[in-house]
>>> print(open('protein_18.csv').read())   # CSV, C-alpha atoms
chain,number,residue,atom,x,y,z
A,1,MET,CA,115.1,83.5,107.2
A,2,PRO,CA,114.3,80.5,104.9
A,3,THR,CA,113.5,77.1,106.4
A,4,VAL,CA,115.7,74.2,105.5
A,5,THR,CA,114.3,70.7,105.4
A,6,VAL,CA,116.7,67.8,105.6
A,7,ILE,CA,115.5,64.7,103.7
A,8,GLN,CA,117.3,61.6,104.9
A,9,SER,CA,118.3,58.9,102.5
A,10,THR,CA,116.3,55.7,102.6
A,11,ILE,CA,118.9,53.5,100.9
A,12,VAL,CA,120.6,52.5,104.1
A,13,GLU,CA,117.2,51.8,105.7
A,14,GLU,CA,116.1,49.5,102.9
A,15,LYS,CA,119.4,47.5,103.0
A,16,SER,CA,119.1,47.2,106.8
A,17,ARG,CA,115.5,45.8,106.5
A,18,MET,CA,116.7,43.0,104.1
A,19,ILE,CA,117.2,39.5,105.5
A,20,ARG,CA,120.9,38.8,105.6
A,21,CYS,CA,121.3,35.3,104.3
A,22,ALA,CA,124.1,32.8,104.1
A,23,ALA,CA,124.4,29.5,102.2
A,24,TYR,CA,126.2,26.4,103.5
A,25,CYS,CA,127.6,23.8,101.1
A,26,ARG,CA,129.5,20.6,101.9
A,27,VAL,CA,130.6,17.4,100.1
A,28,SER,CA,132.2,14.6,102.0
A,29,SER,CA,134.8,13.3,99.6
A,30,ASP,CA,137.1,14.4,96.8
A,31,SER,CA,135.6,12.0,94.2
A,32,GLU,CA,134.8,13.5,90.8
A,33,ASP,CA,131.1,13.3,91.3
A,34,GLN,CA,131.3,15.0,94.6
A,35,ILE,CA,133.5,17.8,93.2
A,36,ASN,CA,131.0,18.4,90.4
A,37,SER,CA,128.2,18.5,93.0
A,38,PHE,CA,130.2,20.9,95.1
A,39,MET,CA,130.9,23.2,92.2
A,40,ALA,CA,127.2,23.1,91.2
A,41,GLN,CA,126.2,24.0,94.8
A,42,LEU,CA,128.6,27.0,94.9
A,43,LYS,CA,127.4,28.3,91.5
A,44,TYR,CA,123.8,27.9,92.4
A,45,TYR,CA,124.1,29.8,95.7
A,46,GLU,CA,126.3,32.6,94.3
A,47,ASN,CA,123.3,33.5,92.1
A,48,PHE,CA,120.6,32.3,94.4
A,49,LEU,CA,119.3,35.7,95.8
A,50,ALA,CA,120.5,38.0,93.0
A,51,ASP,CA,117.0,39.2,92.1
A,52,SER,CA,115.5,39.2,95.6
A,53,GLU,CA,114.0,42.4,97.0
A,54,THR,CA,113.8,41.0,100.6
A,55,GLU,CA,117.0,39.0,101.0
A,56,ILE,CA,120.6,39.6,100.5
A,57,LEU,CA,123.4,37.0,100.3
A,58,ILE,CA,126.1,37.8,102.8
A,59,ASN,CA,128.3,34.8,102.1
A,60,VAL,CA,128.6,31.3,100.9
A,61,TYR,CA,130.3,29.0,103.3
A,62,ALA,CA,131.6,25.7,101.9
A,63,ASP,CA,133.5,22.7,103.2
A,64,GLU,CA,135.0,20.4,100.6
A,65,GLY,CA,136.0,16.8,101.2
A,66,VAL,CA,135.0,16.9,104.8
A,67,THR,CA,132.7,14.5,106.7
A,68,GLY,CA,129.5,15.9,108.1
A,69,THR,CA,129.7,13.7,111.2
A,70,CYS,CA,132.4,15.8,112.9
A,71,GLU,CA,131.7,19.5,113.0
A,72,ASP,CA,135.2,20.4,114.4
A,73,LYS,CA,136.8,19.5,111.0
A,74,ARG,CA,134.4,21.7,109.1
A,75,GLU,CA,136.2,25.1,109.1
A,76,ASP,CA,133.7,27.1,107.1
A,77,PHE,CA,130.8,25.7,109.1
A,78,GLN,CA,132.6,27.0,112.2
A,79,ARG,CA,133.2,30.3,110.5
A,80,MET,CA,129.5,30.5,109.6
A,81,MET,CA,128.5,29.8,113.2
A,82,ASN,CA,130.8,32.4,114.5
A,83,ASP,CA,129.4,35.0,112.0
A,84,CYS,CA,125.9,34.0,113.3
A,85,ARG,CA,127.0,34.6,116.9
A,86,LYS,CA,128.3,38.1,115.8
A,87,GLY,CA,124.9,38.9,114.4
A,88,LYS,CA,125.9,39.0,110.7
A,89,ILE,CA,123.3,36.4,109.5
A,90,ASP,CA,119.5,36.1,109.8
A,91,ARG,CA,118.9,33.0,107.7
A,92,ILE,CA,120.9,30.1,106.4
A,93,TYR,CA,120.1,28.1,103.2
A,94,THR,CA,121.5,24.6,102.6
A,95,LYS,CA,120.8,21.9,100.1
A,96,SER,CA,119.6,19.4,102.7
A,97,ILE,CA,119.7,18.4,106.3
A,98,SER,CA,122.5,15.9,105.5
A,99,ARG,CA,124.6,18.7,104.0
A,100,PHE,CA,124.1,20.7,107.2
A,101,ALA,CA,125.1,17.8,109.5
A,102,ARG,CA,125.2,14.1,109.6
A,103,ASN,CA,125.5,13.8,113.3
A,104,THR,CA,122.1,14.2,114.9
A,105,LYS,CA,123.4,15.5,118.2
A,106,ASP,CA,125.5,18.2,116.6
A,107,CYS,CA,122.7,19.1,114.2
A,108,LEU,CA,120.2,19.6,117.0
A,109,LYS,CA,122.7,21.5,119.1
A,110,ASN,CA,123.5,23.9,116.3
A,111,ILE,CA,119.9,24.4,115.3
A,112,ARG,CA,118.9,25.1,118.9
A,113,GLU,CA,121.8,27.7,119.2
A,114,LEU,CA,120.8,29.3,115.9
A,115,LYS,CA,117.1,29.4,117.0
A,116,SER,CA,118.2,31.1,120.3
A,117,LEU,CA,120.0,33.7,118.1
A,118,GLY,CA,116.9,34.3,116.0
A,119,ILE,CA,118.4,32.6,112.9
A,120,THR,CA,116.4,30.3,110.7
A,121,VAL,CA,117.8,27.4,108.6
A,122,PHE,CA,116.1,26.5,105.4
A,123,PHE,CA,116.6,22.9,104.0
A,124,GLU,CA,115.8,23.0,100.3
A,125,LYS,CA,115.5,19.3,99.6
A,126,GLU,CA,113.1,18.8,102.5
A,127,ASN,CA,111.4,22.1,101.7
A,128,SER,CA,111.4,22.9,105.4
A,129,ALA,CA,112.8,25.6,107.7
A,130,THR,CA,113.4,26.0,111.4
A,131,ARG,CA,111.6,28.7,113.3
A,132,SER,CA,113.4,31.5,115.0
>>> encode(input="protein_18.csv", output="structure tokens")
Amino acid sequence: MPTVTVIQSTIVEEKSRMIRCAAYCRVSSDSEDQINSFMAQLKYYENFLADSETEILINVYADEGVTGTCEDKREDFQRMMNDCRKGKIDRIYTKSISRFARNTKDCLKNIRELKSLGITVFFEKENSATRS
């Protein structure tokens, strides 16, 4: 009787090893300059990881015309945090700390929660990241 050897596909394994990334964008007003900045951020992040072999972009979360001082009003930020709690995201990219949050207390609270979940946040303008 011949021996049959089953060779498992590695495609799923490669995808599961990739770092699942999200991007967060925010502008605080509906002025024309802010809208242009918002659109530029969205376009940038949509193509951000297209050629990466180690990271995959899961989603771009964006709040338009919303202050960063009150996180309750930032619906997409809340959606992103919920997706982090569900284990869908490993890393978050954002333009700057001020885009992530303007309220120091909320910023620290969220970064600490993300750290406890093993999620890093990279702030591009400051060229710095939190540690997981």
>>> atom_distance(input="protein_18.csv", atom1="CA of Leu57 in chain A", atom2="CA of Ile35 in chain A")
22.8 Å
>>> atom_distance(input="protein_18.csv", atom1="CA of Glu113 in chain A", atom2="CA of Thr54 in chain A")
24.2 Å
>>> closest_residue(input="protein_18.csv", among="A:Ile58, A:Tyr45, A:Glu75, A:Cys25", to="Ile89 in chain A", atoms="only C-alpha atoms")
A:Ile58
>>> closest_residue(input="protein_18.csv", among="A:Glu55, A:Glu64, A:Asp33, A:Glu46", to="Arg91 in chain A", atoms="all atoms listed in the file")
A:Glu55
>>> closest_residue(input="protein_18.csv", among="A:Lys125, A:Lys73, A:Lys43, A:Arg79", to="Arg99 in chain A", atoms="all atoms listed in the file")
A:Lys125
>>> atom_distance(input="protein_18.csv", atom1="CA of Cys107 in chain A", atom2="CA of Phe122 in chain A")
13.3 Å
>>> closest_residue(input="protein_18.csv", among="A:Met81, A:Lys86, A:Glu71, A:Thr94", to="Gln41 in chain A", atoms="only C-alpha atoms")
A:Thr94
>>> closest_residue(input="protein_18.csv", among="A:Ile19, A:Arg26, A:Phe77, A:Phe48", to="Asp106 in chain A", atoms="all atoms listed in the file")
A:Phe77
>>> closest_residue(input="protein_18.csv", among="A:Leu108, A:Ile97, A:Cys84, A:Ile92", to="Thr120 in chain A", atoms="all atoms listed in the file")
A:Ile92
>>> residues_around(input="protein_18.csv", residues="Asp83 in chain A", least_positions_apart="4", cutoff="12 Å", atoms="only C-alpha atoms", output="ChimeraX atom specification")
/A:20-22,58-61,76-79,87-92,114,117,119
